[in-house]
Amino acid sequence: MEFVADFHIHSKYSRATSKDMDVEHLSQWAKLKGIQLIGTGDFTHHLWLEELRSKLEDKGNGLYGYKGVNFILSSEISSIYSKNNRGYRIHNIIFAPSFKTVDKINETLSRCGNLASDGRPILGLDAAELARIIFDIDENCILAPGHIWTPWFSLFGSMSGFDRIEDCFEEQTKNIYCLETGLSSDPAMNWRLSALDRFSLISNSDSHSPSKIGREANVFDCELSYKEIADTLKKKDRKRFLYTIEFYPEEGKYHYDGHRLCQVRLSPEESKAHKGVCPKCGKHLTIGVMNRVEQLADRPEGFKPESAIPFKNLIPLDEIIAEAKAMGKSSQAVEQEYRGIIAKFGTEFEVLGKAPREDLFKGMDARIADAIMRMRQGRVRIAPGYDGEYGKISIFGNDEKPKKHEEQLSLF
């Protein structure tokens with residue numbers, strides 16, 4: 001069966017997350033989005049784990065259910081440590097096939113740091129040692145390095161990471177078979193590194209609020225079970241792993257280089273011309289994902305390996321409605337429009353990626369339908385994100401934007 005999976009989210013017990021990141025709201029939003037499988041996130045936190053145990057039904061296939069939505073046990077670990085006289089900060093996502101395995105993981109990791117401090121615990125644990133611990137407990141676990149290009153906390157981060165995956169995970173590298181690309185990169189950027197060819201590239205929302213789940217996701221056509229999903233990722237099976245759903249990577253917070261305090265945004269070429277220094281204040285720039293890919297790439301832009309899993313760039317529906325209506329994304333009018341469209345079409349992914357053009361124009365405001373078609377064709381304008389600032393994406397040019405009073409009148 002074909003289904004959409006978002007493996008990486010956080011619960012209400014992680015820092016800077018919505019109080020609505022609970023089982024009930026996650027399942028409600030999964031249905032609105034069209035997500036059949038979602039990661040639990042944060043299984044290392046005792047209160048969240050207790051909630052998961054009490055509310056999720058064991059489906060007997062390594063997955064757990066709540067009101068028609070499937071959950072996979074997952075958590076993110078932040079490792080901050082020194083190795084060869086240098087500091088590293090790596091985030092890894094762990095998938096487990098059972099609560100029994102989770103209990104063993106938590107028991108072991110609790111000796112390495114305080115798991116109760118945050119939904120995503122910070123441990124002074126070498127990433128290679130973390131992998132050894134996880135796979136020694138249960139070889140059926142999956143360990144996926146998270147958002148691998150993010151500057152401050154990732155496998156290849158310009159400020160905190162390694163140049164080679166083998167330098168990070170050492171002999172455990174053989175047990176790792178999928179990597180999370182993160183919001184600021186897409187698969188095409190990762191295809192430029194031949195060293196990554198054997199890995200399945202997964203995309204997830206890393207969401208801190210329910211409405212943002214699925215902003216990146218994975219689409220499979222296989223049995224909905226832990227074992228089948230793990231096997232699909234391990235074999236990088238293009239018949240079962242159909243494609244990923246992607247942000248436009250320029251919209252991510254770390255796509256370009258820059259210095260947020262000075263509002264300086266630079267392409268890799270511009271950054272090089274300034275020798276990596278902010279032209280306003282003279283301090284070092286935060287080197288973004290695009291620049292870091294350029295540093296490590298051994299292939300030209302546009303190269304596509306034969307084994308590549310396809311992807312689709314989508315813009316969240318609420319963002320499309322907000323721009324088409326010239327309103328704030330969090331406004332009540334945008335939410336009403338969103339709910340009305342979903343009521344007609346079933347799910348957000350159906351609207352964004354599958355519904356025929358004629359159905360879109362029959363079922364919603366023509367300007368919103370036009371915006372969706374433009375997005376599908378890649379006709380967008382983007383000011384890339386940098387140094388923690390999200391990029392700004394737009395579909396309509398300034399001369400096409402509705403005037404505020406005209407839009408207000410159209411509501412009555």
# chains A, B, ... in the order shown; residues from 1 in each chain; ligands from 1
$ residues_around --residues "Pro279 of chain A" --least-positions-apart "5" --cutoff "10 Å" --atoms "only C-alpha atoms" --output "VMD selection string"
chain A and resid 258 to 259 262 264 271 274 284 to 285
$ residues_around --residues "segment 232-240 of chain A" --least-positions-apart "2" --cutoff "12 Å" --atoms "only C-alpha atoms" --output "ChimeraX atom specification"
/A:1-4,140-144,174-180,196-202,218-230,242-244,306-311
$ closest_residue --among "A:Leu37, A:Ile148, A:Ile137, A:Ile77" --to "Arg120 of chain A" --atoms "only C-alpha atoms"
A:Ile77
$ residues_around --residues "Gln28 of chain A" --least-positions-apart "3" --cutoff "9 Å" --atoms "only C-alpha atoms" --output "list in words"
Val23, Glu24, His25, Lys31, Leu32, Lys33, Lys67, Val69 and Pro210 of chain A
$ write_last_selection --atoms "C-alpha atoms" --output "compact mmCIF listing (two decimals), in the first residue's frame"
# COMPACT_ATOMS: atom_id res chain seq x y z
CA VAL A 23 -0.87 12.03 20.58
CA GLU A 24 -4.36 13.47 20.04
CA HIS A 25 -3.29 16.58 18.08
CA LYS A 31 -5.30 12.91 8.97
CA LEU A 32 -5.60 16.48 7.64
CA LYS A 33 -2.20 16.25 5.96
CA LYS A 67 -7.50 6.33 15.91
CA VAL A 69 -2.91 6.76 12.51
CA PRO A 210 1.25 19.87 14.88
$ closest_residue --among "A:Lys253, A:Ile72, A:Asp163, A:Asp20" --to "Ala195 of chain A" --atoms "only C-alpha atoms"
A:Asp163
$ select_by_dssp --residues "segment 161-321 of chain A" --states "strand (DSSP E or B)" --output "mmCIF file with N, CA and C atoms, in the first residue's frame"
data_model
loop_
_atom_site.group_PDB
_atom_site.id
_atom_site.type_symbol
_atom_site.label_atom_id
_atom_site.label_comp_id
_atom_site.auth_asym_id
_atom_site.auth_seq_id
_atom_site.Cartn_x
_atom_site.Cartn_y
_atom_site.Cartn_z
ATOM 1 N N CYS A 178 20.618 5.010 6.300
ATOM 2 C CA CYS A 178 19.821 6.144 5.834
ATOM 3 C C CYS A 178 20.277 7.426 6.521
ATOM 4 N N LEU A 179 20.130 8.537 5.813
ATOM 5 C CA LEU A 179 20.541 9.853 6.275
ATOM 6 C C LEU A 179 19.383 10.818 6.074
ATOM 7 N N GLU A 180 19.202 11.726 7.019
ATOM 8 C CA GLU A 180 18.149 12.738 6.884
ATOM 9 C C GLU A 180 18.750 14.002 6.261
ATOM 10 N N SER A 200 19.934 5.540 1.790
ATOM 11 C CA SER A 200 18.600 6.080 1.528
ATOM 12 C C SER A 200 18.529 7.464 2.154
ATOM 13 N N LEU A 201 18.100 8.446 1.376
ATOM 14 C CA LEU A 201 17.971 9.812 1.871
ATOM 15 C C LEU A 201 16.532 10.046 2.293
ATOM 16 N N ILE A 202 16.320 10.227 3.596
ATOM 17 C CA ILE A 202 14.962 10.447 4.096
ATOM 18 C C ILE A 202 14.754 11.920 4.423
ATOM 19 N N SER A 207 9.259 18.627 13.203
ATOM 20 C CA SER A 207 8.240 19.600 13.604
ATOM 21 C C SER A 207 8.185 19.817 15.110
ATOM 22 N N ALA A 217 8.527 14.806 4.059
ATOM 23 C CA ALA A 217 8.035 13.463 4.372
ATOM 24 C C ALA A 217 8.532 12.466 3.325
ATOM 25 N N ASN A 218 8.177 11.194 3.535
ATOM 26 C CA ASN A 218 8.626 10.097 2.678
ATOM 27 C C ASN A 218 7.413 9.313 2.197
ATOM 28 N N VAL A 219 7.424 8.903 0.942
ATOM 29 C CA VAL A 219 6.292 8.165 0.378
ATOM 30 C C VAL A 219 6.747 6.757 -0.001
ATOM 31 N N PHE A 220 6.076 5.765 0.579
ATOM 32 C CA PHE A 220 6.418 4.364 0.375
ATOM 33 C C PHE A 220 5.267 3.633 -0.301
ATOM 34 N N ASP A 221 5.595 2.513 -0.942
ATOM 35 C CA ASP A 221 4.591 1.579 -1.433
ATOM 36 C C ASP A 221 5.031 0.185 -0.988
ATOM 37 N N PHE A 241 10.300 2.501 -2.037
ATOM 38 C CA PHE A 241 10.530 3.875 -1.571
ATOM 39 C C PHE A 241 10.345 4.774 -2.793
ATOM 40 N N LEU A 242 9.154 5.367 -2.921
ATOM 41 C CA LEU A 242 8.764 6.023 -4.170
ATOM 42 C C LEU A 242 9.399 7.397 -4.354
ATOM 43 N N TYR A 243 9.292 8.258 -3.338
ATOM 44 C CA TYR A 243 9.872 9.605 -3.431
ATOM 45 C C TYR A 243 9.797 10.282 -2.071
ATOM 46 N N THR A 244 10.486 11.410 -1.964
ATOM 47 C CA THR A 244 10.381 12.231 -0.761
ATOM 48 C C THR A 244 9.685 13.544 -1.098
ATOM 49 N N ILE A 245 9.048 14.098 -0.095
ATOM 50 C CA ILE A 245 8.396 15.408 -0.200
ATOM 51 C C ILE A 245 9.331 16.414 0.457
ATOM 52 N N GLU A 246 9.660 17.474 -0.252
ATOM 53 C CA GLU A 246 10.696 18.401 0.184
ATOM 54 C C GLU A 246 10.197 19.836 0.284
ATOM 55 N N TYR A 256 21.903 29.499 2.725
ATOM 56 C CA TYR A 256 23.009 30.381 2.336
ATOM 57 C C TYR A 256 23.911 30.672 3.540
ATOM 58 N N ASP A 257 25.040 31.297 3.279
ATOM 59 C CA ASP A 257 25.901 31.803 4.350
ATOM 60 C C ASP A 257 25.342 33.142 4.821
ATOM 61 N N GLY A 258 25.756 33.567 6.011
ATOM 62 C CA GLY A 258 25.296 34.881 6.434
ATOM 63 C C GLY A 258 25.587 35.207 7.875
ATOM 64 N N HIS A 259 25.128 36.385 8.245
ATOM 65 C CA HIS A 259 25.244 36.869 9.615
ATOM 66 C C HIS A 259 23.922 37.553 9.954
ATOM 67 N N VAL A 264 22.993 40.084 6.834
ATOM 68 C CA VAL A 264 23.833 39.837 5.666
ATOM 69 C C VAL A 264 23.587 38.405 5.179
ATOM 70 N N ARG A 265 23.162 38.280 3.929
ATOM 71 C CA ARG A 265 22.912 36.981 3.301
ATOM 72 C C ARG A 265 23.821 36.875 2.079
ATOM 73 N N LEU A 266 24.629 35.805 1.995
ATOM 74 C CA LEU A 266 25.598 35.683 0.915
ATOM 75 C C LEU A 266 25.557 34.293 0.288
ATOM 76 N N VAL A 277 34.051 36.304 5.954
ATOM 77 C CA VAL A 277 33.903 37.321 6.996
ATOM 78 C C VAL A 277 32.754 38.248 6.655
ATOM 79 N N HIS A 284 33.182 36.259 11.744
ATOM 80 C CA HIS A 284 33.028 35.117 10.846
ATOM 81 C C HIS A 284 31.560 34.877 10.511
ATOM 82 N N THR A 286 28.262 32.546 9.418
ATOM 83 C CA THR A 286 27.791 31.175 9.580
ATOM 84 C C THR A 286 27.740 30.557 8.187
ATOM 85 N N PHE A 311 12.189 13.065 -5.876
ATOM 86 C CA PHE A 311 11.602 13.942 -4.860
ATOM 87 C C PHE A 311 10.705 14.977 -5.516
ATOM 88 N N LYS A 312 9.826 15.549 -4.688
ATOM 89 C CA LYS A 312 8.935 16.629 -5.125
ATOM 90 C C LYS A 312 9.059 17.799 -4.158
ATOM 91 N N ASN A 313 9.228 19.001 -4.695
ATOM 92 C CA ASN A 313 9.237 20.207 -3.857
ATOM 93 C C ASN A 313 7.816 20.733 -3.714
#
$ residues_around --residues "segment 96-107 of chain A" --least-positions-apart "3" --cutoff "12 Å" --atoms "only C-alpha atoms" --output "PyMOL selection string"
chain A and resi 7+39-46+49-50+52-54+56-64+71-77+93+110-116+121+130-144+225-230
$ select_by_dssp --residues "segment 128-172 of chain A" --states "alpha helix (DSSP H)" --output "short mmCIF file (atom, residue, chain, number, x, y, z; two decimals) with N, CA and C atoms, in the first residue's frame"
data_model
loop_
_atom_site.label_atom_id
_atom_site.label_comp_id
_atom_site.auth_asym_id
_atom_site.auth_seq_id
_atom_site.Cartn_x
_atom_site.Cartn_y
_atom_site.Cartn_z
N ALA A 128 29.81 7.38 17.50
CA ALA A 128 30.15 5.98 17.22
C ALA A 128 29.79 5.08 18.40
N GLU A 129 30.00 5.58 19.61
CA GLU A 129 29.65 4.81 20.81
C GLU A 129 28.14 4.71 20.96
N LEU A 130 27.43 5.79 20.65
CA LEU A 130 25.96 5.75 20.66
C LEU A 130 25.46 4.66 19.72
N ALA A 131 26.00 4.62 18.51
CA ALA A 131 25.59 3.61 17.54
C ALA A 131 25.89 2.20 18.06
N ARG A 132 27.06 2.02 18.65
CA ARG A 132 27.41 0.70 19.19
C ARG A 132 26.41 0.27 20.26
N ILE A 133 26.06 1.19 21.16
CA ILE A 133 25.09 0.90 22.23
C ILE A 133 23.76 0.48 21.64
N ILE A 134 23.27 1.27 20.69
CA ILE A 134 21.95 1.02 20.10
C ILE A 134 21.90 -0.34 19.42
N PHE A 135 22.90 -0.63 18.58
CA PHE A 135 22.87 -1.87 17.81
C PHE A 135 23.19 -3.10 18.68
N ASP A 136 23.93 -2.90 19.76
CA ASP A 136 24.16 -4.01 20.69
C ASP A 136 22.87 -4.38 21.42
N ILE A 137 22.03 -3.38 21.69
CA ILE A 137 20.76 -3.64 22.37
C ILE A 137 19.79 -4.36 21.44
N ILE A 165 31.65 10.35 6.76
CA ILE A 165 30.80 9.64 7.72
C ILE A 165 31.60 8.60 8.49
N GLU A 166 32.62 8.02 7.85
CA GLU A 166 33.44 7.01 8.51
C GLU A 166 34.23 7.59 9.68
N ASP A 167 34.59 8.88 9.59
CA ASP A 167 35.33 9.52 10.69
C ASP A 167 34.44 9.72 11.91
N CYS A 168 33.14 9.82 11.66
CA CYS A 168 32.18 10.00 12.76
C CYS A 168 31.82 8.66 13.40
N PHE A 169 31.43 7.70 12.58
CA PHE A 169 30.86 6.46 13.12
C PHE A 169 31.83 5.27 13.12
#
$ residues_around --residues "Gly68 of chain A" --least-positions-apart "2" --cutoff "9 Å" --atoms "only C-alpha atoms" --output "list in words"
Ser27, Lys31, Gln36, Gly65, Tyr66 and Asn70 of chain A
$ write_last_selection --atoms "N, CA and C atoms" --output "compact mmCIF listing (two decimals), in the first residue's frame"
# COMPACT_ATOMS: atom_id res chain seq x y z
N SER A 27 -2.34 13.02 15.75
CA SER A 27 -3.17 12.14 14.91
C SER A 27 -4.20 12.95 14.12
N LYS A 31 -4.16 13.18 9.86
CA LYS A 31 -5.30 12.91 8.97
C LYS A 31 -5.55 14.07 8.02
N GLN A 36 0.08 8.71 7.02
CA GLN A 36 -0.39 7.46 7.63
C GLN A 36 0.54 6.96 8.74
N GLY A 65 -0.78 2.15 17.03
CA GLY A 65 -1.87 2.89 16.42
C GLY A 65 -2.64 3.76 17.39
N TYR A 66 -3.21 4.84 16.84
CA TYR A 66 -4.13 5.69 17.59
C TYR A 66 -5.15 6.27 16.62
N ASN A 70 -0.83 5.52 12.37
CA ASN A 70 0.24 4.65 12.83
C ASN A 70 1.41 5.46 13.38
$ closest_residue --among "A:Asn84, A:Gln263, A:Ser185, A:Ser203" --to "Gly388 of chain A" --atoms "only C-alpha atoms"
A:Gln263
$ closest_residue --among "A:Gly328, A:Pro249, A:Pro268, A:Gly276" --to "Ala383 of chain A" --atoms "only C-alpha atoms"
A:Pro249
$ residues_around --residues "Arg376 of chain A" --least-positions-apart "6" --cutoff "8 Å" --atoms "only C-alpha atoms" --output "ChimeraX atom specification"
/A:313-314,352-353
$ residues_around --residues "Glu319 of chain A" --least-positions-apart "5" --cutoff "10 Å" --atoms "only C-alpha atoms" --output "PyMOL selection string"
chain A and resi 324-325+327-330+334+338+393-394
$ atom_distance --atom1 "atom CA of Gly340 of chain A" --atom2 "atom CA of Asp370 of chain A"
17.2 Å
$ atom_distance --atom1 "atom CA of Gly34 of chain A" --atom2 "atom CA of Gly119 of chain A"
25.7 Å
$ closest_residue --among "A:Ile80, A:Leu193, A:Ala127, A:Ile35" --to "Arg292 of chain A" --atoms "only C-alpha atoms"
A:Leu193
$ atom_distance --atom1 "atom CA of Arg367 of chain A" --atom2 "atom CA of Gly385 of chain A"
26.3 Å
$ decode --residues "segment 103-153 of chain A" --atoms "C-alpha atoms" --output "mmCIF file, in the first residue's frame"
data_model
loop_
_atom_site.group_PDB
_atom_site.id
_atom_site.type_symbol
_atom_site.label_atom_id
_atom_site.label_comp_id
_atom_site.auth_asym_id
_atom_site.auth_seq_id
_atom_site.Cartn_x
_atom_site.Cartn_y
_atom_site.Cartn_z
ATOM 1 C CA ASP A 103 13.289 0.515 27.841
ATOM 2 C CA LYS A 104 16.715 -1.059 27.339
ATOM 3 C CA ILE A 105 17.950 1.981 25.385
ATOM 4 C CA ASN A 106 16.718 4.378 28.063
ATOM 5 C CA GLU A 107 18.203 2.319 30.863
ATOM 6 C CA THR A 108 21.634 2.382 29.198
ATOM 7 C CA LEU A 109 21.577 6.020 28.054
ATOM 8 C CA SER A 110 20.418 7.210 31.498
ATOM 9 C CA ARG A 111 23.919 6.357 32.726
ATOM 10 C CA CYS A 112 25.360 8.804 30.176
ATOM 11 C CA GLY A 113 23.277 11.867 31.074
ATOM 12 C CA ASN A 114 19.951 13.234 32.277
ATOM 13 C CA LEU A 115 17.219 11.954 29.963
ATOM 14 C CA ALA A 116 14.536 13.894 31.852
ATOM 15 C CA SER A 117 16.047 17.308 31.129
ATOM 16 C CA ASP A 118 14.551 17.601 27.645
ATOM 17 C CA GLY A 119 12.680 15.578 25.035
ATOM 18 C CA ARG A 120 15.851 15.660 22.969
ATOM 19 C CA PRO A 121 18.533 14.881 25.569
ATOM 20 C CA ILE A 122 22.086 16.174 25.311
ATOM 21 C CA LEU A 123 24.667 13.493 26.066
ATOM 22 C CA GLY A 124 28.457 13.683 26.129
ATOM 23 C CA LEU A 125 28.498 10.532 24.062
ATOM 24 C CA ASP A 126 30.599 9.886 20.953
ATOM 25 C CA ALA A 127 28.268 9.202 17.986
ATOM 26 C CA ALA A 128 30.145 5.983 17.220
ATOM 27 C CA GLU A 129 29.655 4.813 20.809
ATOM 28 C CA LEU A 130 25.960 5.746 20.663
ATOM 29 C CA ALA A 131 25.591 3.608 17.541
ATOM 30 C CA ARG A 132 27.408 0.701 19.194
ATOM 31 C CA ILE A 133 25.095 0.900 22.230
ATOM 32 C CA ILE A 134 21.946 1.022 20.105
ATOM 33 C CA PHE A 135 22.870 -1.873 17.813
ATOM 34 C CA ASP A 136 24.161 -4.009 20.692
ATOM 35 C CA ILE A 137 20.755 -3.635 22.369
ATOM 36 C CA ASP A 138 18.752 -4.481 19.238
ATOM 37 C CA GLU A 139 20.157 -4.955 15.735
ATOM 38 C CA ASN A 140 16.708 -4.117 14.349
ATOM 39 C CA CYS A 141 17.013 -0.505 15.483
ATOM 40 C CA ILE A 142 17.624 2.164 12.854
ATOM 41 C CA LEU A 143 20.049 5.026 13.439
ATOM 42 C CA ALA A 144 19.784 7.930 10.987
ATOM 43 C CA PRO A 145 22.039 10.995 11.330
ATOM 44 C CA GLY A 146 19.668 13.980 11.522
ATOM 45 C CA HIS A 147 19.564 17.032 9.197
ATOM 46 C CA ILE A 148 23.100 16.154 8.134
ATOM 47 C CA TRP A 149 24.134 19.587 6.774
ATOM 48 C CA THR A 150 22.897 21.963 9.508
ATOM 49 C CA PRO A 151 25.911 24.110 10.570
ATOM 50 C CA TRP A 152 25.721 23.760 14.350
ATOM 51 C CA PHE A 153 24.438 20.242 15.096
#
